[in-house]
Number of protein chains: 2
Amino acid sequence: MNITIKDVAKAANVSVATVSRVLNNKNNVSQEAVNVVNRAVEELGYSPNFLGRDLRKSETKRILAIISSTEQTFYNDVLRGMQDACSKKGYDVLIATTRNDPEHELHLLGMLFSRAVDGAVLLAPKLDSKTIIELSRKYKIAIGLERLSTDGVLCVTIDNEKAGYDATKYLIGKGRKRIALITTEVRSQSSVDRENGYYRALKEAGLPIDENLIYFGDYTSDTGLRACELFLALREKPDAIFSISDTISIGAMNCAVQHGITIGKDILFIGFDNIAYSSMFIPKLSTVDQPCYLQGKTVAEKLMANISSEEQDTGTYMLPHTLILRESTGD
Amino acid sequence: MNITIKDVAKAANVSVATVSRVLNNKNNVSQEAVNVVNRAVEELGYSPNFLGRDLRKSETKRILAIISSTEQTFYNDVLRGMQDACSKKGYDVLIATTRNDPEHELHLLGMLFSRAVDGAVLLAPKLDSKTIIELSRKYKIAIGLERLSTDGVLCVTIDNEKAGYDATKYLIGKGRKRIALITTEVRSQSSVDRENGYYRALKEAGLPIDENLIYFGDYTSDTGLRACELFLALREKPDAIFSISDTISIGAMNCAVQHGITIGKDILFIGFDNIAYSSMFIPKLSTVDQPCYLQGKTVAEKLMANISSEEQDTGTYMLPHTLILRESTGD
DNA sequence: TTGTATGCGTTATCAC
DNA sequence: GTGATAACGCATACAA
């Protein structure tokens with residue numbers, strides 16, 4: 001049998017109401033009551049049951065961060081940003097992983113529907129836009145590191161199109177003419193945006209778009225390996241490779257090194273995300289840095305604002321990115 | 001105002017009890033009731049409030065995995081193992097990060113005390129053994145990837161002492177005489193165990209223990225960099241470096257490469273954890289593989305068993321590790 | 001098969 | 001300043 005507020009009340013010889021008041025630091029209690037209750041709490045080893053409290057208050061002070069998996073190291077900073085923002089307002093952050101299964105993502109959102117959390121941040125939504133927008137009308141949902149193709153739900157992200165453009169344009173500026181792209185089969189908006197930036201830069205420079213130089217895979221280093229292997233088998237090899245994630249780039253560079261390619265000279269590489277390992281790899285990888293911490297902090301703040309307000313902010317916010325130049329582009 | 005089971009009952013013209021029965025797939029309901037209730041649920045867009053359900057049932061079917069941060073990529077497999085085991089039994093896994101703050105770890109355990117979750121797995125406990133054992137008498141707690149110096153709480157780990165011994169002995173077998181160790185200042189039992197294995201192997205081979213060859217830092221690649229820098233400044237440099245984590249090793253190898261050292265010949269490297277990047281680094285890193293997925297699966301299974309049983313399993317279980325040999329040891 | 005009534009542990013609203 | 005007591009949303013024992 002668990003110890004409840006009733007037991008404490010009995011032990012302290014006061015009513016449950018008084019115990020509750022003491023526990024919640026209300027000001028309309030006598031010092032004596034505070035003392036006697038605290039002593040009873042201590043003696044009984046009581047800790048309040050939040051299920052009762054949450055039920056009564058209809059809030060949990062918890063928000064859920066839904067990520068694909070913890071393998072993507074850059075989530076770490078995003079989550080740190082969320083936690084910092086949340087703890088400031090008395091919220092806790094819980095994390096759950098979808099493993100890229102839209103169905104499981106929906107299952108996790110069940111925690112939101114069933115009020116086990118007050119809100120949810122989708123950091124790699126696999127559900128379709130329509131479903132998400134539908135849900136966000138009823139529940140407190142925000143999207144981080146990503147945006148929807150259509151408007152209608154709070155998003156905090158970067159301008160991925162511009163980022164893809166910047167990276168590609170930089171390679172063009174280095175005199176590169178055959179710039180390959182490694183992207184994902186999954187049509188996440190961020191991937192599509194980065195691709196579009198790549199296309200725009202090529203077009204602007206009057207360079208042709210060569211389908212042989214575009215590879216569709218997943219976010220793993222294996223994809224990088226396979227893509228690079230294919231590229232190097234071409235009669236006309238690429239002189240630069242832009243990948244939409246650092247992990248892919250690292251796989252691709254691995255392959256290039258094995259083929260005796262001199263990275264930063266024969267072929268330039270640019271990745272995306274600026275993960276910790278990107279600067280530990282030899283040679284160091286040039287990449288696009290997105291402000292992970294800031295995006296996490298911002299999306300959490302805006303979500304909490306939505307939670308405690310009637311009017312809902314459904315805007316899309318784009319934070320600034322930065323091109324980081326290292327050895328893999330000869331810098 | 002939220003839609004509750006009452007609203008559904010009213011709309012379906014049945015009692016709340018019947019609605020509840022339908023929702024929980026009880027068999028003692030007529031097909032007609034099922035139909036009418038489901039239609040009402042659909043129409044109203046009702047989804048049950050778990051706070052009520054959980055409170056009533058005194059269980060949440062959720063367990064909490066407490067990790068230091070999501071930056072440690074090997075947690076991914078551990079969590080996958082936990083999730084697979086849990087979903088099989090209808091449990092959800094929530095993740096929360098301590099950021100290496102024992103106080104915050106205690107705060108997170110508050111979710112357990114307050115019954116927001118049914119159990120918790122500590123994957124990098126920073127709290128002292130006494131506190132943990134104390135708590136585990138009252139709450140369902142298990143420890144994964146780690147053990148306590150004393151007995152008293154369910155642990156699933158590997159034999160870290162043996163693993164440290166195996167790694168060091170392998171280096172000795174390669175003819176190495178000056179084997180350095182990079183470990184952590186934090187006295188986690190796993191670190192201490194790995195160190196002790198290192199000492200035992202040296203002693204057994206009649207090699208002296210040289211304090212200049214032992215560096216205490218944290219789990220980051222920066223620690224590896226700094227340690228290696230110091231080692232290379234010694235008059236008598238090491239001919240092998242064993243680190244208690246791959247991330248450290250990668251930092252150390254980075255430093256070695258910068259100094260023109262030939263890895264796998266001048267100096268051999270062995271890491272720990274077999275993270276994905278260890279085989280992507282050039283040269284590929286030899287390491288100790290610990291069965292992350294299996295440890296996660298096992299600890300979750302045993303914790304759930306404890307949750308649904310009177311008698312508590314407080315044993316320590318050690319799963320087998322493997323030495324993975326790659327280029328950094330000249331293999 | 002169904003409905004009524006009770007209680008899970010807490011907070012909030014009263015009256016005192 | 002304090003104590004009864006009524007909610008919160010749900011599941012279930014019991015009665016019908």
# chains A, B, ... in the order shown; residues from 1 in each chain; ligands from 1
call {"tool": "select_by_dssp", "arguments": {"residues": "range 26-141 of chain A", "states": "strand (DSSP E)", "output": "list in words"}}
result
Arg62, Ile63, Leu64, Ala65, Ile66, Ile67, Asp92, Val93, Leu94, Ile95, Ala96, Thr97, Gly119, Ala120, Val121, Leu122 and Ile141 of chain A
call {"tool": "write_last_selection", "arguments": {"atoms": "C-alpha atoms", "output": "mmCIF file, in the first residue's frame"}}
result
data_model
loop_
_atom_site.group_PDB
_atom_site.id
_atom_site.type_symbol
_atom_site.label_atom_id
_atom_site.label_comp_id
_atom_site.auth_asym_id
_atom_site.auth_seq_id
_atom_site.Cartn_x
_atom_site.Cartn_y
_atom_site.Cartn_z
ATOM 1 C CA ARG A 62 6.064 17.816 -19.341
ATOM 2 C CA ILE A 63 6.693 18.063 -23.039
ATOM 3 C CA LEU A 64 7.710 15.297 -25.353
ATOM 4 C CA ALA A 65 10.494 15.535 -27.899
ATOM 5 C CA ILE A 66 10.036 13.009 -30.660
ATOM 6 C CA ILE A 67 13.206 12.169 -32.561
ATOM 7 C CA ASP A 92 10.456 18.603 -18.008
ATOM 8 C CA VAL A 93 11.498 17.268 -21.390
ATOM 9 C CA LEU A 94 10.911 13.653 -22.252
ATOM 10 C CA ILE A 95 12.380 12.055 -25.323
ATOM 11 C CA ALA A 96 10.988 9.244 -27.415
ATOM 12 C CA THR A 97 12.226 7.721 -30.647
ATOM 13 C CA GLY A 119 2.854 19.246 -25.745
ATOM 14 C CA ALA A 120 5.092 17.593 -28.297
ATOM 15 C CA VAL A 121 7.934 18.697 -30.542
ATOM 16 C CA LEU A 122 8.417 16.688 -33.702
ATOM 17 C CA ILE A 141 2.399 20.419 -31.442
#
call {"tool": "closest_atom_pairs", "arguments": {"of": "chain D", "to": "range 6-9 of chain C", "cutoff": "12 Å", "atoms": "only C-alpha atoms (C1' of nucleotides)", "output": "CSV"}}
result
residue,atom,partner,partner_atom,distance
D:DC8,C1',C:DG9,C1',10.6
D:DG9,C1',C:DC8,C1',10.6
D:DC10,C1',C:DC8,C1',9.1
D:DA11,C1',C:DC8,C1',9.5
D:DT12,C1',C:DT6,C1',9.0
D:DA13,C1',C:DT6,C1',8.7
D:DC14,C1',C:DT6,C1',10.3
call {"tool": "closest_atom_pairs", "arguments": {"of": "range 6-83 of chain B", "to": "range 215-238 of chain B", "cutoff": "12 Å", "atoms": "only C-alpha atoms", "output": "CSV"}}
result
residue,atom,partner,partner_atom,distance
B:Ser68,CA,B:Tyr219,CA,11.1
B:Ser69,CA,B:Tyr219,CA,11.6
B:Glu71,CA,B:Thr220,CA,10.0
B:Gln72,CA,B:Tyr219,CA,9.0
call {"tool": "select_by_dssp", "arguments": {"residues": "range 9-74 of chain A", "states": "helix (DSSP H, G or I)", "output": "MDAnalysis selection string"}}
result
chainID A and resid 9:12 16:23 31:44 50:57
call {"tool": "write_last_selection", "arguments": {"atoms": "N, CA and C atoms", "output": "compact mmCIF listing (two decimals), in the first residue's frame"}}
result
# COMPACT_ATOMS: atom_id res chain seq x y z
N ALA A 9 -1.71 13.44 6.42
CA ALA A 9 -2.66 14.25 7.17
C ALA A 9 -2.92 13.62 8.54
N LYS A 10 -3.12 12.33 8.53
CA LYS A 10 -3.41 11.63 9.78
C LYS A 10 -2.22 11.75 10.73
N ALA A 11 -1.05 11.48 10.20
CA ALA A 11 0.16 11.51 11.03
C ALA A 11 0.40 12.90 11.59
N ALA A 12 0.06 13.92 10.81
CA ALA A 12 0.34 15.29 11.24
C ALA A 12 -0.84 15.87 12.02
N VAL A 16 -6.22 16.93 4.93
CA VAL A 16 -5.49 16.75 3.67
C VAL A 16 -5.32 18.10 2.97
N ALA A 17 -6.30 18.95 3.14
CA ALA A 17 -6.22 20.28 2.52
C ALA A 17 -4.99 21.02 3.00
N THR A 18 -4.76 20.96 4.30
CA THR A 18 -3.59 21.65 4.85
C THR A 18 -2.31 21.03 4.32
N VAL A 19 -2.27 19.73 4.27
CA VAL A 19 -1.08 19.07 3.74
C VAL A 19 -0.82 19.54 2.32
N SER A 20 -1.87 19.55 1.52
CA SER A 20 -1.73 19.98 0.14
C SER A 20 -1.21 21.41 0.07
N ARG A 21 -1.73 22.25 0.93
CA ARG A 21 -1.29 23.65 0.94
C ARG A 21 0.19 23.75 1.27
N VAL A 22 0.61 22.99 2.27
CA VAL A 22 2.03 23.03 2.64
C VAL A 22 2.88 22.53 1.48
N LEU A 23 2.45 21.42 0.91
CA LEU A 23 3.22 20.82 -0.18
C LEU A 23 3.35 21.75 -1.38
N GLN A 31 3.00 28.65 10.27
CA GLN A 31 4.33 28.07 10.33
C GLN A 31 4.27 26.73 11.05
N GLU A 32 3.41 26.68 12.04
CA GLU A 32 3.30 25.45 12.82
C GLU A 32 2.83 24.29 11.93
N ALA A 33 1.83 24.59 11.10
CA ALA A 33 1.33 23.56 10.19
C ALA A 33 2.44 23.09 9.25
N VAL A 34 3.17 24.06 8.75
CA VAL A 34 4.28 23.73 7.85
C VAL A 34 5.23 22.75 8.53
N ASN A 35 5.59 23.06 9.75
CA ASN A 35 6.53 22.21 10.47
C ASN A 35 6.02 20.80 10.66
N VAL A 36 4.82 20.74 11.19
CA VAL A 36 4.29 19.43 11.54
C VAL A 36 4.07 18.58 10.28
N VAL A 37 3.65 19.21 9.20
CA VAL A 37 3.44 18.46 7.96
C VAL A 37 4.77 17.97 7.40
N ASN A 38 5.73 18.87 7.35
CA ASN A 38 7.02 18.48 6.81
C ASN A 38 7.64 17.33 7.60
N ARG A 39 7.43 17.38 8.92
CA ARG A 39 7.98 16.30 9.73
C ARG A 39 7.32 14.97 9.36
N ALA A 40 6.01 15.02 9.21
CA ALA A 40 5.27 13.81 8.85
C ALA A 40 5.70 13.28 7.48
N VAL A 41 5.87 14.21 6.53
CA VAL A 41 6.32 13.83 5.19
C VAL A 41 7.65 13.09 5.28
N GLU A 42 8.53 13.68 6.05
CA GLU A 42 9.86 13.12 6.24
C GLU A 42 9.77 11.72 6.84
N GLU A 43 9.03 11.64 7.93
CA GLU A 43 8.93 10.37 8.65
C GLU A 43 8.35 9.25 7.79
N LEU A 44 7.33 9.59 7.04
CA LEU A 44 6.67 8.56 6.25
C LEU A 44 7.36 8.30 4.92
N PHE A 50 1.86 12.25 -8.74
CA PHE A 50 1.52 13.26 -9.75
C PHE A 50 0.30 12.88 -10.58
N LEU A 51 0.00 11.61 -10.60
CA LEU A 51 -1.16 11.22 -11.40
C LEU A 51 -2.41 11.92 -10.86
N GLY A 52 -2.51 11.96 -9.55
CA GLY A 52 -3.64 12.65 -8.95
C GLY A 52 -3.56 14.14 -9.20
N ARG A 53 -2.40 14.67 -8.98
CA ARG A 53 -2.19 16.10 -9.16
C ARG A 53 -2.45 16.51 -10.60
N ASP A 54 -1.87 15.76 -11.53
CA ASP A 54 -2.01 16.09 -12.94
C ASP A 54 -3.47 15.99 -13.38
N LEU A 55 -4.12 14.97 -12.88
CA LEU A 55 -5.52 14.77 -13.25
C LEU A 55 -6.34 15.97 -12.80
N ARG A 56 -6.09 16.35 -11.57
CA ARG A 56 -6.85 17.46 -11.02
C ARG A 56 -6.53 18.77 -11.75
N LYS A 57 -5.26 18.99 -12.03
CA LYS A 57 -4.85 20.26 -12.63
C LYS A 57 -4.94 20.25 -14.15
call {"tool": "residues_around", "arguments": {"residues": "range 329-331 of chain B", "least_positions_apart": "2", "cutoff": "9 Å", "atoms": "only C-alpha atoms (C1' of nucleotides)", "output": "ChimeraX atom specification"}}
result
/B:171,174,240,263-265,267-270,285-286,325-327
call {"tool": "atom_distance", "arguments": {"atom1": "CA of Gly315 in chain B", "atom2": "CA of Leu154 in chain B"}}
result
5.0 Å
call {"tool": "residues_around", "arguments": {"residues": "DT13 in chain C", "least_positions_apart": "5", "cutoff": "10 Å", "atoms": "only C-alpha atoms (C1' of nucleotides)", "output": "PDB file with C-alpha atoms (C1' of nucleotides), in the first residue's frame"}}
result
ATOM      1  C1'  DT D   5     -16.023  17.933   0.464  1.00  0.00           C
ATOM      2  C1'  DA D   6     -16.576  18.092  -4.428  1.00  0.00           C
ATOM      3  C1'  DA D   7     -14.435  17.562  -8.462  1.00  0.00           C
TER       4       DA D   7
END
call {"tool": "residues_around", "arguments": {"residues": "Ile158 in chain B", "least_positions_apart": "3", "cutoff": "9 Å", "atoms": "only C-alpha atoms (C1' of nucleotides)", "output": "ChimeraX atom specification"}}
result
/B:145-147,161-163,190,290-291,295,317-321
call {"tool": "atom_distance", "arguments": {"atom1": "CA of Thr314 in chain A", "atom2": "CA of Thr73 in chain A"}}
result
27.8 Å
call {"tool": "residues_around", "arguments": {"residues": "Asp313 in chain A", "least_positions_apart": "6", "cutoff": "8 Å", "atoms": "only C-alpha atoms (C1' of nucleotides)", "output": "PyMOL selection string"}}
result
chain A and resi 153-154+302+306
call {"tool": "write_last_selection", "arguments": {"atoms": "C-alpha atoms", "output": "PDB file, in the first residue's frame"}}
result
ATOM      1  CA  VAL A 153       1.775  24.566 -37.667  1.00  0.00           C
ATOM      2  CA  LEU A 154       4.502  26.123 -35.572  1.00  0.00           C
ATOM      3  CA  LYS A 302       7.238  28.956 -28.570  1.00  0.00           C
ATOM      4  CA  ASN A 306       1.198  28.122 -27.170  1.00  0.00           C
TER       5      ASN A 306
END
call {"tool": "residues_around", "arguments": {"residues": "Arg80 in chain A", "least_positions_apart": "2", "cutoff": "8 Å", "atoms": "only C-alpha atoms (C1' of nucleotides)", "output": "ChimeraX atom specification"}}
result
/A:76-78,82-84,293,296-297
call {"tool": "write_last_selection", "arguments": {"atoms": "N, CA and C atoms", "output": "mmCIF file, in the first residue's frame"}}
result
data_model
loop_
_atom_site.group_PDB
_atom_site.id
_atom_site.type_symbol
_atom_site.label_atom_id
_atom_site.label_comp_id
_atom_site.auth_asym_id
_atom_site.auth_seq_id
_atom_site.Cartn_x
_atom_site.Cartn_y
_atom_site.Cartn_z
ATOM 1 N N ASN A 76 21.544 16.120 -29.782
ATOM 2 C CA ASN A 76 21.968 16.405 -28.428
ATOM 3 C C ASN A 76 21.866 17.893 -28.097
ATOM 4 N N ASP A 77 22.365 18.713 -28.984
ATOM 5 C CA ASP A 77 22.307 20.156 -28.749
ATOM 6 C C ASP A 77 20.882 20.680 -28.803
ATOM 7 N N VAL A 78 20.113 20.121 -29.711
ATOM 8 C CA VAL A 78 18.712 20.538 -29.806
ATOM 9 C C VAL A 78 18.016 20.276 -28.478
ATOM 10 N N MET A 82 16.239 22.702 -25.687
ATOM 11 C CA MET A 82 14.866 22.526 -25.219
ATOM 12 C C MET A 82 14.828 22.443 -23.702
ATOM 13 N N GLN A 83 15.753 21.662 -23.155
ATOM 14 C CA GLN A 83 15.759 21.483 -21.706
ATOM 15 C C GLN A 83 16.023 22.785 -20.969
ATOM 16 N N ASP A 84 16.974 23.553 -21.477
ATOM 17 C CA ASP A 84 17.274 24.823 -20.823
ATOM 18 C C ASP A 84 16.048 25.721 -20.822
ATOM 19 N N TYR A 293 21.253 24.178 -30.836
ATOM 20 C CA TYR A 293 20.839 24.597 -29.495
ATOM 21 C C TYR A 293 19.753 25.660 -29.580
ATOM 22 N N GLY A 296 16.415 24.354 -30.725
ATOM 23 C CA GLY A 296 15.744 23.622 -29.651
ATOM 24 C C GLY A 296 15.150 24.577 -28.639
ATOM 25 N N LYS A 297 15.943 25.544 -28.260
ATOM 26 C CA LYS A 297 15.485 26.526 -27.267
ATOM 27 C C LYS A 297 14.258 27.270 -27.796
#
call {"tool": "closest_residue", "arguments": {"among": "B:Lys6, B:Lys138, B:Lys126, B:Arg200", "to": "chain A", "atoms": "only C-alpha atoms"}}
result
B:Lys138
call {"tool": "decode", "arguments": {"residues": "range 273-304 of chain A", "atoms": "N, CA and C atoms", "output": "compact mmCIF listing (two decimals), in the first residue's frame"}}
result
# COMPACT_ATOMS: atom_id res chain seq x y z
N ASP A 273 25.38 19.75 -41.00
CA ASP A 273 25.02 19.56 -39.58
C ASP A 273 26.12 19.97 -38.62
N ASN A 274 27.38 19.89 -39.08
CA ASN A 274 28.50 20.20 -38.20
C ASN A 274 28.48 19.36 -36.93
N ILE A 275 28.38 18.05 -37.10
CA ILE A 275 28.44 17.17 -35.93
C ILE A 275 29.86 17.14 -35.40
N ALA A 276 29.99 16.71 -34.16
CA ALA A 276 31.29 16.73 -33.50
C ALA A 276 32.34 15.97 -34.30
N TYR A 277 31.96 14.81 -34.84
CA TYR A 277 32.94 13.99 -35.54
C TYR A 277 33.43 14.62 -36.84
N SER A 278 32.69 15.61 -37.35
CA SER A 278 33.09 16.21 -38.62
C SER A 278 34.44 16.91 -38.50
N SER A 279 34.76 17.39 -37.31
CA SER A 279 36.06 18.06 -37.15
C SER A 279 37.11 17.09 -36.62
N MET A 280 36.70 15.87 -36.32
CA MET A 280 37.65 14.89 -35.83
C MET A 280 38.11 13.97 -36.94
N PHE A 281 37.34 13.94 -38.00
CA PHE A 281 37.73 13.11 -39.13
C PHE A 281 38.96 13.72 -39.79
N ILE A 282 39.76 12.85 -40.40
CA ILE A 282 40.94 13.33 -41.09
C ILE A 282 40.77 13.06 -42.57
N PRO A 283 40.68 14.01 -43.44
CA PRO A 283 40.76 15.46 -43.15
C PRO A 283 39.45 15.99 -42.56
N LYS A 284 39.58 17.13 -41.92
CA LYS A 284 38.41 17.75 -41.30
C LYS A 284 37.39 18.14 -42.38
N LEU A 285 36.15 17.92 -42.04
CA LEU A 285 35.08 18.10 -43.02
C LEU A 285 34.47 19.51 -42.99
N SER A 286 34.40 20.14 -44.15
CA SER A 286 33.65 21.39 -44.27
C SER A 286 32.17 21.06 -44.22
N THR A 287 31.38 21.96 -43.68
CA THR A 287 29.99 21.61 -43.45
C THR A 287 29.12 22.84 -43.26
N VAL A 288 27.83 22.62 -43.22
CA VAL A 288 26.91 23.70 -42.92
C VAL A 288 26.47 23.54 -41.47
N ASP A 289 26.71 24.54 -40.69
CA ASP A 289 26.32 24.49 -39.29
C ASP A 289 24.92 25.04 -39.12
N GLN A 290 24.06 24.24 -38.51
CA GLN A 290 22.76 24.81 -38.16
C GLN A 290 22.70 25.00 -36.65
N PRO A 291 22.11 26.07 -36.20
CA PRO A 291 22.11 26.40 -34.77
C PRO A 291 21.18 25.47 -34.00
N CYS A 292 21.72 24.29 -33.65
CA CYS A 292 20.89 23.27 -33.01
C CYS A 292 20.34 23.73 -31.67
N TYR A 293 21.25 24.18 -30.84
CA TYR A 293 20.84 24.60 -29.49
C TYR A 293 19.75 25.66 -29.58
N LEU A 294 20.00 26.64 -30.43
CA LEU A 294 19.06 27.76 -30.54
C LEU A 294 17.71 27.30 -31.09
N GLN A 295 17.75 26.40 -32.05
CA GLN A 295 16.48 25.91 -32.59
C GLN A 295 15.70 25.16 -31.51
N GLY A 296 16.41 24.35 -30.73
CA GLY A 296 15.74 23.62 -29.65
C GLY A 296 15.15 24.58 -28.64
N LYS A 297 15.94 25.54 -28.26
CA LYS A 297 15.49 26.53 -27.27
C LYS A 297 14.26 27.27 -27.80
N THR A 298 14.35 27.72 -29.03
CA THR A 298 13.28 28.52 -29.61
C THR A 298 11.99 27.73 -29.74
N VAL A 299 12.10 26.53 -30.26
CA VAL A 299 10.88 25.76 -30.49
C VAL A 299 10.20 25.43 -29.16
N ALA A 300 11.01 25.15 -28.14
CA ALA A 300 10.44 24.85 -26.83
C ALA A 300 9.74 26.08 -26.26
N GLU A 301 10.39 27.21 -26.37
CA GLU A 301 9.79 28.45 -25.85
C GLU A 301 8.47 28.75 -26.53
N LYS A 302 8.46 28.63 -27.84
CA LYS A 302 7.24 28.96 -28.57
C LYS A 302 6.14 27.94 -28.31
N LEU A 303 6.54 26.69 -28.11
CA LEU A 303 5.52 25.68 -27.81
C LEU A 303 4.91 25.95 -26.44
N MET A 304 5.76 26.27 -25.47
CA MET A 304 5.24 26.54 -24.12
C MET A 304 4.33 27.77 -24.14
